[in-house]
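The file input.pdb contains PDB, C-alpha atoms and all ligand atoms:
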MODEL        1
ATOM      1  CA  MET A 399     -68.346  -8.568 -69.823  1.00  0.00           C
ATOM      2  CA  THR A 400     -64.955 -10.214 -69.131  1.00  0.00           C
ATOM      3  CA  SER A 401     -64.839 -13.512 -67.237  1.00  0.00           C
ATOM      4  CA  THR A 402     -63.315 -11.677 -64.201  1.00  0.00           C
ATOM      5  CA  ALA A 403     -66.145  -9.114 -64.233  1.00  0.00           C
ATOM      6  CA  LYS A 404     -68.718 -11.940 -64.491  1.00  0.00           C
ATOM      7  CA  ALA A 405     -67.115 -13.818 -61.579  1.00  0.00           C
ATOM      8  CA  ARG A 406     -67.096 -10.636 -59.470  1.00  0.00           C
ATOM      9  CA  ALA A 407     -70.758  -9.926 -60.271  1.00  0.00           C
ATOM     10  CA  CYS A 408     -71.665 -13.354 -58.803  1.00  0.00           C
ATOM     11  CA  GLU A 409     -69.413 -13.024 -55.727  1.00  0.00           C
ATOM     12  CA  THR A 410     -71.007 -13.234 -52.270  1.00  0.00           C
ATOM     13  CA  PRO A 411     -70.286 -10.244 -49.968  1.00  0.00           C
ATOM     14  CA  ALA A 412     -68.025 -12.459 -47.839  1.00  0.00           C
ATOM     15  CA  ALA A 413     -66.075 -13.701 -50.871  1.00  0.00           C
ATOM     16  CA  ARG A 414     -65.587 -10.111 -51.976  1.00  0.00           C
ATOM     17  CA  GLN A 415     -64.302  -9.127 -48.534  1.00  0.00           C
ATOM     18  CA  LYS A 416     -61.863 -12.021 -48.590  1.00  0.00           C
ATOM     19  CA  ARG A 417     -60.575 -11.010 -52.036  1.00  0.00           C
ATOM     20  CA  VAL A 418     -60.280  -7.310 -51.120  1.00  0.00           C
ATOM     21  CA  TRP A 419     -58.440  -7.930 -47.842  1.00  0.00           C
ATOM     22  CA  ASP A 420     -56.178 -10.648 -49.216  1.00  0.00           C
ATOM     23  CA  LYS A 421     -55.033  -8.098 -51.787  1.00  0.00           C
ATOM     24  CA  SER A 422     -54.606  -5.320 -49.184  1.00  0.00           C
ATOM     25  CA  ALA A 423     -52.732  -7.484 -46.669  1.00  0.00           C
ATOM     26  CA  PRO A 424     -49.125  -6.780 -47.765  1.00  0.00           C
ATOM     27  CA  SER A 425     -49.596  -2.990 -47.516  1.00  0.00           C
ATOM     28  CA  TYR A 426     -52.111  -2.882 -44.630  1.00  0.00           C
ATOM     29  CA  ASP A 427     -49.708  -2.294 -41.741  1.00  0.00           C
ATOM     30  CA  LYS A 428     -48.013   0.623 -43.456  1.00  0.00           C
ATOM     31  CA  GLN A 429     -51.307   2.268 -44.433  1.00  0.00           C
ATOM     32  CA  ILE A 430     -53.116   1.794 -41.141  1.00  0.00           C
ATOM     33  CA  GLY A 431     -50.024   2.875 -39.197  1.00  0.00           C
ATOM     34  CA  PHE A 432     -50.362   6.315 -40.784  1.00  0.00           C
ATOM     35  CA  PHE A 433     -54.074   6.592 -39.821  1.00  0.00           C
ATOM     36  CA  GLU A 434     -53.277   5.375 -36.290  1.00  0.00           C
ATOM     37  CA  LYS A 435     -51.029   8.403 -35.905  1.00  0.00           C
ATOM     38  CA  ILE A 436     -53.389  11.049 -37.295  1.00  0.00           C
ATOM     39  CA  TRP A 437     -56.897   9.664 -36.715  1.00  0.00           C
ATOM     40  CA  PHE A 438     -57.495   7.031 -34.075  1.00  0.00           C
ATOM     41  CA  GLY A 439     -54.384   7.109 -31.934  1.00  0.00           C
ATOM     42  CA  GLY A 440     -54.825   5.572 -28.470  1.00  0.00           C
ATOM     43  CA  GLY A 441     -57.795   3.484 -29.632  1.00  0.00           C
ATOM     44  CA  ARG A 442     -56.010   0.154 -29.523  1.00  0.00           C
ATOM     45  CA  GLU A 443     -54.696   0.814 -26.012  1.00  0.00           C
ATOM     46  CA  TRP A 444     -58.214   1.893 -24.917  1.00  0.00           C
ATOM     47  CA  LEU A 445     -59.640  -1.442 -26.071  1.00  0.00           C
ATOM     48  CA  ALA A 446     -56.871  -3.566 -24.615  1.00  0.00           C
ATOM     49  CA  GLU A 447     -56.970  -1.858 -21.192  1.00  0.00           C
ATOM     50  CA  ARG A 448     -60.606  -2.962 -20.892  1.00  0.00           C
ATOM     51  CA  ALA A 449     -60.113  -6.517 -22.173  1.00  0.00           C
ATOM     52  CA  GLN A 450     -59.932  -9.291 -19.598  1.00  0.00           C
ATOM     53  CA  GLY A 451     -60.075 -13.068 -19.277  1.00  0.00           C
ATOM     54  CA  ARG A 452     -60.919 -15.086 -22.393  1.00  0.00           C
ATOM     55  CA  VAL A 453     -60.743 -12.487 -25.164  1.00  0.00           C
ATOM     56  CA  LEU A 454     -62.099 -13.001 -28.673  1.00  0.00           C
ATOM     57  CA  GLU A 455     -61.015 -10.476 -31.278  1.00  0.00           C
ATOM     58  CA  VAL A 456     -63.344 -10.578 -34.279  1.00  0.00           C
ATOM     59  CA  ALA A 457     -61.786  -9.663 -37.663  1.00  0.00           C
ATOM     60  CA  ILE A 458     -58.343  -9.447 -36.076  1.00  0.00           C
ATOM     61  CA  GLY A 459     -56.701  -8.462 -39.364  1.00  0.00           C
ATOM     62  CA  THR A 460     -52.907  -8.414 -39.079  1.00  0.00           C
ATOM     63  CA  GLY A 461     -53.124  -8.533 -35.275  1.00  0.00           C
ATOM     64  CA  ARG A 462     -52.255  -4.928 -34.501  1.00  0.00           C
ATOM     65  CA  ASN A 463     -53.972  -5.114 -31.100  1.00  0.00           C
ATOM     66  CA  LEU A 464     -51.918  -8.135 -30.023  1.00  0.00           C
ATOM     67  CA  PRO A 465     -49.045  -6.146 -28.441  1.00  0.00           C
ATOM     68  CA  CYS A 466     -51.539  -4.173 -26.312  1.00  0.00           C
ATOM     69  CA  TYR A 467     -53.467  -6.973 -24.557  1.00  0.00           C
ATOM     70  CA  PRO A 468     -52.703  -7.769 -20.901  1.00  0.00           C
ATOM     71  CA  GLU A 469     -50.250 -10.659 -20.579  1.00  0.00           C
ATOM     72  CA  ASP A 470     -52.752 -12.803 -18.689  1.00  0.00           C
ATOM     73  CA  ALA A 471     -55.515 -12.451 -21.314  1.00  0.00           C
ATOM     74  CA  ALA A 472     -56.173 -15.647 -23.306  1.00  0.00           C
ATOM     75  CA  VAL A 473     -56.537 -14.282 -26.832  1.00  0.00           C
ATOM     76  CA  THR A 474     -58.445 -15.933 -29.676  1.00  0.00           C
ATOM     77  CA  GLY A 475     -58.763 -14.193 -33.032  1.00  0.00           C
ATOM     78  CA  ILE A 476     -60.857 -14.889 -36.093  1.00  0.00           C
ATOM     79  CA  GLU A 477     -60.335 -13.369 -39.510  1.00  0.00           C
ATOM     80  CA  LEU A 478     -61.865 -13.892 -42.953  1.00  0.00           C
ATOM     81  CA  SER A 479     -58.744 -13.168 -45.004  1.00  0.00           C
ATOM     82  CA  PRO A 480     -56.019 -15.855 -44.928  1.00  0.00           C
ATOM     83  CA  ALA A 481     -53.407 -13.285 -46.024  1.00  0.00           C
ATOM     84  CA  MET A 482     -54.251 -10.907 -43.140  1.00  0.00           C
ATOM     85  CA  LEU A 483     -54.308 -13.866 -40.742  1.00  0.00           C
ATOM     86  CA  ALA A 484     -50.852 -15.058 -41.849  1.00  0.00           C
ATOM     87  CA  ILE A 485     -49.425 -11.664 -40.816  1.00  0.00           C
ATOM     88  CA  ALA A 486     -51.271 -11.824 -37.472  1.00  0.00           C
ATOM     89  CA  ARG A 487     -49.776 -15.285 -36.815  1.00  0.00           C
ATOM     90  CA  GLN A 488     -46.282 -14.001 -37.587  1.00  0.00           C
ATOM     91  CA  ARG A 489     -46.866 -11.013 -35.286  1.00  0.00           C
ATOM     92  CA  ALA A 490     -48.007 -13.311 -32.465  1.00  0.00           C
ATOM     93  CA  ALA A 491     -44.904 -15.480 -32.956  1.00  0.00           C
ATOM     94  CA  ASP A 492     -42.610 -12.419 -32.977  1.00  0.00           C
ATOM     95  CA  LEU A 493     -44.227 -11.198 -29.745  1.00  0.00           C
ATOM     96  CA  GLY A 494     -44.032 -14.643 -28.144  1.00  0.00           C
ATOM     97  CA  ARG A 495     -47.802 -14.353 -27.642  1.00  0.00           C
ATOM     98  CA  ASP A 496     -49.685 -17.634 -27.422  1.00  0.00           C
ATOM     99  CA  ALA A 497     -52.885 -16.750 -29.327  1.00  0.00           C
ATOM    100  CA  ASP A 498     -55.389 -19.039 -31.030  1.00  0.00           C
ATOM    101  CA  LEU A 499     -55.785 -17.429 -34.486  1.00  0.00           C
ATOM    102  CA  ARG A 500     -58.276 -18.971 -36.895  1.00  0.00           C
ATOM    103  CA  GLU A 501     -59.920 -18.337 -40.224  1.00  0.00           C
ATOM    104  CA  GLY A 502     -63.620 -17.589 -39.729  1.00  0.00           C
ATOM    105  CA  ASP A 503     -66.585 -15.382 -40.499  1.00  0.00           C
ATOM    106  CA  ALA A 504     -67.776 -12.796 -37.975  1.00  0.00           C
ATOM    107  CA  GLU A 505     -71.350 -13.522 -39.043  1.00  0.00           C
ATOM    108  CA  HIS A 506     -71.041 -17.229 -38.153  1.00  0.00           C
ATOM    109  CA  LEU A 507     -68.639 -17.466 -35.229  1.00  0.00           C
ATOM    110  CA  PRO A 508     -67.312 -21.006 -34.767  1.00  0.00           C
ATOM    111  CA  PHE A 509     -67.670 -20.950 -30.957  1.00  0.00           C
ATOM    112  CA  ALA A 510     -70.227 -22.178 -28.439  1.00  0.00           C
ATOM    113  CA  ASP A 511     -72.558 -19.766 -26.645  1.00  0.00           C
ATOM    114  CA  ALA A 512     -71.033 -17.935 -23.651  1.00  0.00           C
ATOM    115  CA  SER A 513     -67.397 -18.865 -24.459  1.00  0.00           C
ATOM    116  CA  PHE A 514     -65.704 -15.476 -23.890  1.00  0.00           C
ATOM    117  CA  ASP A 515     -65.420 -12.829 -21.166  1.00  0.00           C
ATOM    118  CA  THR A 516     -64.557 -10.083 -23.671  1.00  0.00           C
ATOM    119  CA  VAL A 517     -65.206  -9.608 -27.375  1.00  0.00           C
ATOM    120  CA  VAL A 518     -63.205  -6.937 -29.233  1.00  0.00           C
ATOM    121  CA  CYS A 519     -63.792  -5.631 -32.748  1.00  0.00           C
ATOM    122  CA  ALA A 520     -61.692  -2.805 -34.197  1.00  0.00           C
ATOM    123  CA  LEU A 521     -62.172  -0.952 -37.482  1.00  0.00           C
ATOM    124  CA  SER A 522     -64.110  -3.845 -38.968  1.00  0.00           C
ATOM    125  CA  LEU A 523     -67.854  -3.359 -38.460  1.00  0.00           C
ATOM    126  CA  CYS A 524     -67.477  -0.655 -41.141  1.00  0.00           C
ATOM    127  CA  THR A 525     -66.671  -3.394 -43.644  1.00  0.00           C
ATOM    128  CA  ILE A 526     -68.334  -6.588 -42.358  1.00  0.00           C
ATOM    129  CA  PRO A 527     -71.219  -7.123 -44.821  1.00  0.00           C
ATOM    130  CA  HIS A 528     -74.014  -7.612 -42.244  1.00  0.00           C
ATOM    131  CA  PRO A 529     -72.960  -5.819 -39.031  1.00  0.00           C
ATOM    132  CA  ALA A 530     -76.163  -6.627 -37.111  1.00  0.00           C
ATOM    133  CA  ALA A 531     -75.583 -10.353 -37.719  1.00  0.00           C
ATOM    134  CA  ALA A 532     -71.972 -10.027 -36.518  1.00  0.00           C
ATOM    135  CA  ILE A 533     -73.046  -8.132 -33.382  1.00  0.00           C
ATOM    136  CA  GLY A 534     -75.667 -10.820 -32.691  1.00  0.00           C
ATOM    137  CA  GLU A 535     -72.892 -13.427 -32.875  1.00  0.00           C
ATOM    138  CA  MET A 536     -70.615 -11.365 -30.609  1.00  0.00           C
ATOM    139  CA  LYS A 537     -73.415 -11.204 -28.037  1.00  0.00           C
ATOM    140  CA  ARG A 538     -74.098 -14.941 -28.318  1.00  0.00           C
ATOM    141  CA  VAL A 539     -70.490 -15.952 -27.568  1.00  0.00           C
ATOM    142  CA  LEU A 540     -70.150 -13.561 -24.606  1.00  0.00           C
ATOM    143  CA  VAL A 541     -70.834 -14.819 -21.091  1.00  0.00           C
ATOM    144  CA  PRO A 542     -73.635 -12.962 -19.269  1.00  0.00           C
ATOM    145  CA  GLY A 543     -71.949  -9.867 -17.856  1.00  0.00           C
ATOM    146  CA  GLY A 544     -69.225 -10.091 -20.537  1.00  0.00           C
ATOM    147  CA  ARG A 545     -67.829  -7.012 -22.314  1.00  0.00           C
ATOM    148  CA  LEU A 546     -68.095  -5.947 -25.919  1.00  0.00           C
ATOM    149  CA  LEU A 547     -65.395  -3.426 -26.912  1.00  0.00           C
ATOM    150  CA  LEU A 548     -65.584  -1.610 -30.229  1.00  0.00           C
ATOM    151  CA  LEU A 549     -63.506   0.959 -32.085  1.00  0.00           C
ATOM    152  CA  ASP A 550     -64.566   2.227 -35.494  1.00  0.00           C
ATOM    153  CA  HIS A 551     -64.791   5.180 -37.821  1.00  0.00           C
ATOM    154  CA  ILE A 552     -68.325   6.509 -38.290  1.00  0.00           C
ATOM    155  CA  GLY A 553     -70.169   9.430 -39.890  1.00  0.00           C
ATOM    156  CA  SER A 554     -69.058  12.827 -38.577  1.00  0.00           C
ATOM    157  CA  THR A 555     -71.181  15.114 -36.403  1.00  0.00           C
ATOM    158  CA  TRP A 556     -70.013  17.976 -38.654  1.00  0.00           C
ATOM    159  CA  PRO A 557     -72.253  18.123 -41.783  1.00  0.00           C
ATOM    160  CA  PRO A 558     -69.544  19.054 -44.360  1.00  0.00           C
ATOM    161  CA  ILE A 559     -67.373  16.128 -43.247  1.00  0.00           C
ATOM    162  CA  TYR A 560     -70.390  13.801 -43.153  1.00  0.00           C
ATOM    163  CA  ALA A 561     -71.258  14.839 -46.723  1.00  0.00           C
ATOM    164  CA  ALA A 562     -67.690  14.125 -47.890  1.00  0.00           C
ATOM    165  CA  GLN A 563     -67.779  10.724 -46.147  1.00  0.00           C
ATOM    166  CA  TRP A 564     -71.114   9.954 -47.814  1.00  0.00           C
ATOM    167  CA  LEU A 565     -69.742  10.841 -51.234  1.00  0.00           C
ATOM    168  CA  LEU A 566     -66.598   8.777 -50.675  1.00  0.00           C
ATOM    169  CA  GLU A 567     -68.556   5.710 -49.607  1.00  0.00           C
ATOM    170  CA  GLN A 568     -70.612   5.786 -52.813  1.00  0.00           C
ATOM    171  CA  ILE A 569     -67.369   4.508 -54.371  1.00  0.00           C
ATOM    172  CA  THR A 570     -65.858   2.459 -51.550  1.00  0.00           C
ATOM    173  CA  ILE A 571     -69.024   0.481 -50.785  1.00  0.00           C
ATOM    174  CA  ARG A 572     -69.054  -0.713 -54.396  1.00  0.00           C
ATOM    175  CA  THR A 573     -65.338  -1.377 -54.722  1.00  0.00           C
ATOM    176  CA  ALA A 574     -64.465  -2.690 -51.256  1.00  0.00           C
ATOM    177  CA  GLY A 575     -67.601  -2.916 -49.099  1.00  0.00           C
ATOM    178  CA  GLU A 576     -66.196  -0.077 -46.956  1.00  0.00           C
ATOM    179  CA  HIS A 577     -68.743   2.216 -45.233  1.00  0.00           C
ATOM    180  CA  PHE A 578     -67.869   5.637 -43.817  1.00  0.00           C
ATOM    181  CA  THR A 579     -71.214   6.736 -42.339  1.00  0.00           C
ATOM    182  CA  ARG A 580     -72.290   3.437 -40.760  1.00  0.00           C
ATOM    183  CA  ARG A 581     -72.719   3.668 -36.978  1.00  0.00           C
ATOM    184  CA  GLN A 582     -72.555   0.700 -34.634  1.00  0.00           C
ATOM    185  CA  LEU A 583     -74.131   2.219 -31.510  1.00  0.00           C
ATOM    186  CA  PRO A 584     -77.809   1.775 -32.557  1.00  0.00           C
ATOM    187  CA  LEU A 585     -77.081  -1.811 -33.587  1.00  0.00           C
ATOM    188  CA  ILE A 586     -75.542  -2.537 -30.187  1.00  0.00           C
ATOM    189  CA  GLN A 587     -78.605  -1.104 -28.459  1.00  0.00           C
ATOM    190  CA  ALA A 588     -80.998  -2.983 -30.765  1.00  0.00           C
ATOM    191  CA  ALA A 589     -79.148  -6.225 -29.934  1.00  0.00           C
ATOM    192  CA  GLY A 590     -80.004  -5.706 -26.245  1.00  0.00           C
ATOM    193  CA  LEU A 591     -76.481  -4.928 -25.057  1.00  0.00           C
ATOM    194  CA  GLN A 592     -76.090  -2.285 -22.335  1.00  0.00           C
ATOM    195  CA  VAL A 593     -73.842   0.557 -23.429  1.00  0.00           C
ATOM    196  CA  VAL A 594     -71.749   1.629 -20.432  1.00  0.00           C
ATOM    197  CA  GLU A 595     -69.075   3.840 -21.982  1.00  0.00           C
ATOM    198  CA  THR A 596     -68.722   5.744 -25.255  1.00  0.00           C
ATOM    199  CA  LEU A 597     -66.205   8.220 -26.544  1.00  0.00           C
ATOM    200  CA  ARG A 598     -66.606  10.128 -29.807  1.00  0.00           C
ATOM    201  CA  LEU A 599     -63.517  11.860 -31.204  1.00  0.00           C
ATOM    202  CA  LYS A 600     -62.113  13.638 -34.276  1.00  0.00           C
ATOM    203  CA  ALA A 601     -65.181  15.640 -35.379  1.00  0.00           C
ATOM    204  CA  GLY A 602     -67.291  12.674 -34.324  1.00  0.00           C
ATOM    205  CA  THR A 603     -65.701  10.356 -36.915  1.00  0.00           C
ATOM    206  CA  ILE A 604     -64.231   7.917 -34.390  1.00  0.00           C
ATOM    207  CA  GLU A 605     -66.260   6.074 -31.774  1.00  0.00           C
ATOM    208  CA  ARG A 606     -65.121   3.828 -28.945  1.00  0.00           C
ATOM    209  CA  ILE A 607     -67.804   1.748 -27.212  1.00  0.00           C
ATOM    210  CA  ARG A 608     -67.869  -0.498 -24.154  1.00  0.00           C
ATOM    211  CA  ALA A 609     -71.084  -2.475 -23.759  1.00  0.00           C
ATOM    212  CA  VAL A 610     -72.100  -5.335 -21.494  1.00  0.00           C
ATOM    213  CA  LYS A 611     -74.241  -8.397 -22.131  1.00  0.00           C
ATOM    214  CA  PRO A 612     -76.962  -8.284 -19.474  1.00  0.00           C
ATOM    215  CA  ALA A 613     -76.626 -10.993 -16.833  1.00  0.00           C
TER     216      ALA A 613
HETATM  217  C1  LIG B   1     -59.833  -2.476 -41.684  1.00  0.00           C
HETATM  218  S1  LIG B   1     -59.414  -4.142 -41.374  1.00  0.00           S
HETATM  219  C2  LIG B   1     -59.234  -4.097 -39.584  1.00  0.00           C
HETATM  220  C3  LIG B   1     -58.298  -5.152 -39.098  1.00  0.00           C
HETATM  221  C4  LIG B   1     -58.017  -5.134 -37.610  1.00  0.00           C
HETATM  222  N1  LIG B   1     -59.212  -5.364 -36.840  1.00  0.00           N
HETATM  223  C5  LIG B   1     -57.352  -3.853 -37.168  1.00  0.00           C
HETATM  224  O1  LIG B   1     -57.820  -3.256 -36.173  1.00  0.00           O
HETATM  225  O2  LIG B   1     -56.351  -3.450 -37.763  1.00  0.00           O
HETATM  226  C6  LIG B   1     -60.966  -5.001 -41.572  1.00  0.00           C
HETATM  227  C7  LIG B   1     -60.823  -6.500 -41.403  1.00  0.00           C
HETATM  228  O3  LIG B   1     -62.132  -7.099 -41.335  1.00  0.00           O
HETATM  229  C8  LIG B   1     -62.030  -8.384 -41.939  1.00  0.00           C
HETATM  230  N2  LIG B   1     -63.379  -8.869 -42.244  1.00  0.00           N
HETATM  231  C9  LIG B   1     -64.273  -8.342 -43.107  1.00  0.00           C
HETATM  232  N3  LIG B   1     -65.411  -9.050 -43.103  1.00  0.00           N
HETATM  233  C10 LIG B   1     -65.227 -10.059 -42.214  1.00  0.00           C
HETATM  234  C11 LIG B   1     -66.047 -11.122 -41.761  1.00  0.00           C
HETATM  235  N4  LIG B   1     -67.296 -11.295 -42.227  1.00  0.00           N
HETATM  236  N5  LIG B   1     -65.546 -11.966 -40.836  1.00  0.00           N
HETATM  237  C12 LIG B   1     -64.279 -11.806 -40.359  1.00  0.00           C
HETATM  238  N6  LIG B   1     -63.463 -10.821 -40.752  1.00  0.00           N
HETATM  239  C13 LIG B   1     -63.932  -9.950 -41.673  1.00  0.00           C
HETATM  240  C14 LIG B   1     -61.166  -8.131 -43.153  1.00  0.00           C
HETATM  241  O4  LIG B   1     -60.655  -9.312 -43.704  1.00  0.00           O
HETATM  242  C15 LIG B   1     -60.099  -7.201 -42.556  1.00  0.00           C
HETATM  243  O5  LIG B   1     -59.014  -7.926 -42.037  1.00  0.00           O
ENDMDL
END

Kindly transcribe the structure held in the file into C-alpha cells.
Amino acid sequence: MTSTAKARACETPAARQKRVWDKSAPSYDKQIGFFEKIWFGGGREWLAERAQGRVLEVAIGTGRNLPCYPEDAAVTGIELSPAMLAIARQRAADLGRDADLREGDAEHLPFADASFDTVVCALSLCTIPHPAAAIGEMKRVLVPGGRLLLLDHIGSTWPPIYAAQWLLEQITIRTAGEHFTRRQLPLIQAAGLQVVETLRLKAGTIERIRAVKPA
C-alpha cells in the first residue's frame, strides 16, 4: 500500500469530503451549471423565494444560491471545503452581497440554538456523511416556526433509473461519498419537522422540500 493509500484509508468521512470538494472546486461551477440546465432548473429560485429573515445556508459550496436570495435576507453560509468557500466569497463580493461565509461542518454547526429564521441546504445532504446528524443541527439552529428548505437529487420512482443510480453509487460512495438513492424526506420527518410542501420532479430524481420546526 502506498503512503497516500494508507493516509486515505485512515481518513475520517469529513476529511475525505474536504479533500474531494477542494479538488472539485475549480471545475464545480462549470459542471453544475450543465446539470442546472438539464436536471434541476428552477430549484435555486424555488428555495430563495421561500427564504426569509436570518438565512443560514448549510454546505453553501461556491455560493450559487447567493444571486437568488431576497435583498433583505441576512445570509450566513457554512462550508467544509476552503476551496469551495473561497469561490463563494468571491461571488458574494462580485454581487456586492454582504454575507457571513465561514468554514464549518454541517454536523456540528457553530451557532447557538434558535439563531435562524430559515435554513437552506441544496444538493448536499446526498454527500454529507451523516445526514441525520446534519438535519438535527439544522433543526436546532432554527427558531420555533422557522423554515427548512431543501433541494436534492434522490432515488428515482422509475425502477430502471433507480437501478442505474444504485449501481452508480456503488462507485461514487467509495470514491467521493456521493449517494444517488438517499432520500431526505424520512429523515426530516424522523427529526420531528413538519413537512408543508414537497415537489418531486424528473422521474422522481429531484425533490424540493419545505418543512417547519414546530413552535
Ligand atoms: C454538490 S456540492 C453543493 C454545493 C452547493 N450547496 C450548491 O448548491 O451548489 C456539496 C457541498 O457539500 C459540502 N459538504 C460536504 N460535507 C459537508 C459537511 N459535513 N459540512 C459542510 N459542508 C459539507 C461540500 O464541501 C460541497 O461544497

Using only C-alpha atoms, which residues sit within 8 Å of Asp496 (chain A) once same-chain residues fewer than 6 positions away are excluded, as a ChimeraX atom specification? /A:472-473,490

Identify, counting all atoms listed in the file, the protein, DNA and RNA residues located within 8 Å of ligand LIG 1 (chain B), and give them as a ChimeraX atom specification. /A:412,415-416,418-420,423,427,430,442,455-463,476-479,482-483,501-505,519-528,532

Counting only C-alpha atoms, the option among A:Gln563, A:Val518, A:Ile485, A:Leu585 closest to Ala531 (chain A):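 For Ala531 (chain A), the nearest of the candidates is A:Leu585.
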
Using the chain letters and numbers from the file, give me the residues hit by the PyMOL selection byres (((chain A and resi 606) around 12) and not hetatm), as JSON, numbers by chain. {"A": [438, 439, 440, 441, 442, 443, 444, 445, 446, 448, 518, 519, 520, 521, 546, 547, 548, 549, 550, 551, 552, 581, 582, 583, 593, 594, 595, 596, 597, 598, 599, 600, 602, 603, 604, 605, 607, 608, 609]}

Would you write out, as an mmCIF file with C-alpha atoms, keeping the file's coordinate frame, every residue that the PyMOL selection byres (((chain A and resi 554-559) around 6) and not hetatm) captures in this file?
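Written output follows (selection17.cif):
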data_model
loop_
_atom_site.group_PDB
_atom_site.id
_atom_site.type_symbol
_atom_site.label_atom_id
_atom_site.label_comp_id
_atom_site.auth_asym_id
_atom_site.auth_seq_id
_atom_site.Cartn_x
_atom_site.Cartn_y
_atom_site.Cartn_z
ATOM 1 C CA GLY A 553 -70.169 9.430 -39.890
ATOM 2 C CA TYR A 560 -70.390 13.801 -43.153
ATOM 3 C CA ALA A 561 -71.258 14.839 -46.723
ATOM 4 C CA ALA A 562 -67.690 14.125 -47.890
ATOM 5 C CA ALA A 601 -65.181 15.640 -35.379
ATOM 6 C CA GLY A 602 -67.291 12.674 -34.324
ATOM 7 C CA THR A 603 -65.701 10.356 -36.915
#

Expressed in Å to a single decimal, how great is the separation between CA of Ile586 (chain A) and CA of Tyr467 (chain A)?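 Interatomic distance, CA of Ile586 (chain A) to CA of Tyr467 (chain A): 23.2 Å.
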
Do you have the CA of His506 (chain A)-CA of Ala449 (chain A) distance handy?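 Atom-to-atom, CA of His506 (chain A) to CA of Ala449 (chain A), that is 22.1 Å.
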
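Here CA of Val539 (chain A) and CA of Phe514 (chain A) stand 6.1 Å from one another.
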
Using only C-alpha atoms: which of A:Arg495, A:Pro508, A:Val453, A:Gln587 has the shortest distance to Val541 (chain A):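 Of A:Arg495, A:Pro508, A:Val453, A:Gln587, the one nearest Val541 (chain A) is A:Val453, counting only C-alpha atoms.
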
Please write region 421-426 of chain A of the preceding block to a file containing all heavy atoms, as a short mmCIF file (atom, residue, chain, number, x, y, z; two decimals), in the first residue's frame?
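And here's out.cif as it stands now:
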data_model
loop_
_atom_site.label_atom_id
_atom_site.label_comp_id
_atom_site.auth_asym_id
_atom_site.auth_seq_id
_atom_site.Cartn_x
_atom_site.Cartn_y
_atom_site.Cartn_z
N LYS A 421 -10.68 19.52 -4.32
CA LYS A 421 -10.18 19.16 -5.66
C LYS A 421 -11.20 19.54 -6.75
O LYS A 421 -10.83 19.97 -7.84
CB LYS A 421 -9.91 17.64 -5.69
CG LYS A 421 -9.08 17.23 -6.85
CD LYS A 421 -8.66 15.78 -6.74
CE LYS A 421 -8.07 15.33 -8.07
NZ LYS A 421 -8.16 13.91 -8.25
N SER A 422 -12.49 19.38 -6.44
CA SER A 422 -13.53 19.67 -7.44
C SER A 422 -13.80 21.16 -7.63
O SER A 422 -14.40 21.56 -8.63
CB SER A 422 -14.87 19.05 -7.01
OG SER A 422 -14.75 17.68 -6.86
N ALA A 423 -13.38 21.97 -6.65
CA ALA A 423 -13.80 23.38 -6.63
C ALA A 423 -13.56 24.13 -7.94
O ALA A 423 -14.47 24.80 -8.46
CB ALA A 423 -13.15 24.10 -5.45
N PRO A 424 -12.35 24.03 -8.55
CA PRO A 424 -12.11 24.85 -9.75
C PRO A 424 -13.07 24.54 -10.91
O PRO A 424 -13.35 25.41 -11.72
CB PRO A 424 -10.66 24.51 -10.12
CG PRO A 424 -10.04 23.96 -8.87
CD PRO A 424 -11.15 23.29 -8.13
N SER A 425 -13.55 23.29 -10.99
CA SER A 425 -14.41 22.93 -12.13
C SER A 425 -15.89 22.85 -11.74
O SER A 425 -16.75 22.58 -12.59
CB SER A 425 -13.97 21.58 -12.71
OG SER A 425 -13.97 20.60 -11.69
N TYR A 426 -16.21 23.09 -10.45
CA TYR A 426 -17.58 22.85 -9.98
C TYR A 426 -18.62 23.70 -10.71
O TYR A 426 -19.65 23.19 -11.15
CB TYR A 426 -17.67 23.10 -8.46
CG TYR A 426 -19.06 22.86 -7.93
CD1 TYR A 426 -19.53 21.57 -7.74
CD2 TYR A 426 -19.93 23.92 -7.65
CE1 TYR A 426 -20.81 21.33 -7.27
CE2 TYR A 426 -21.21 23.69 -7.19
CZ TYR A 426 -21.65 22.40 -7.00
OH TYR A 426 -22.93 22.15 -6.56
#
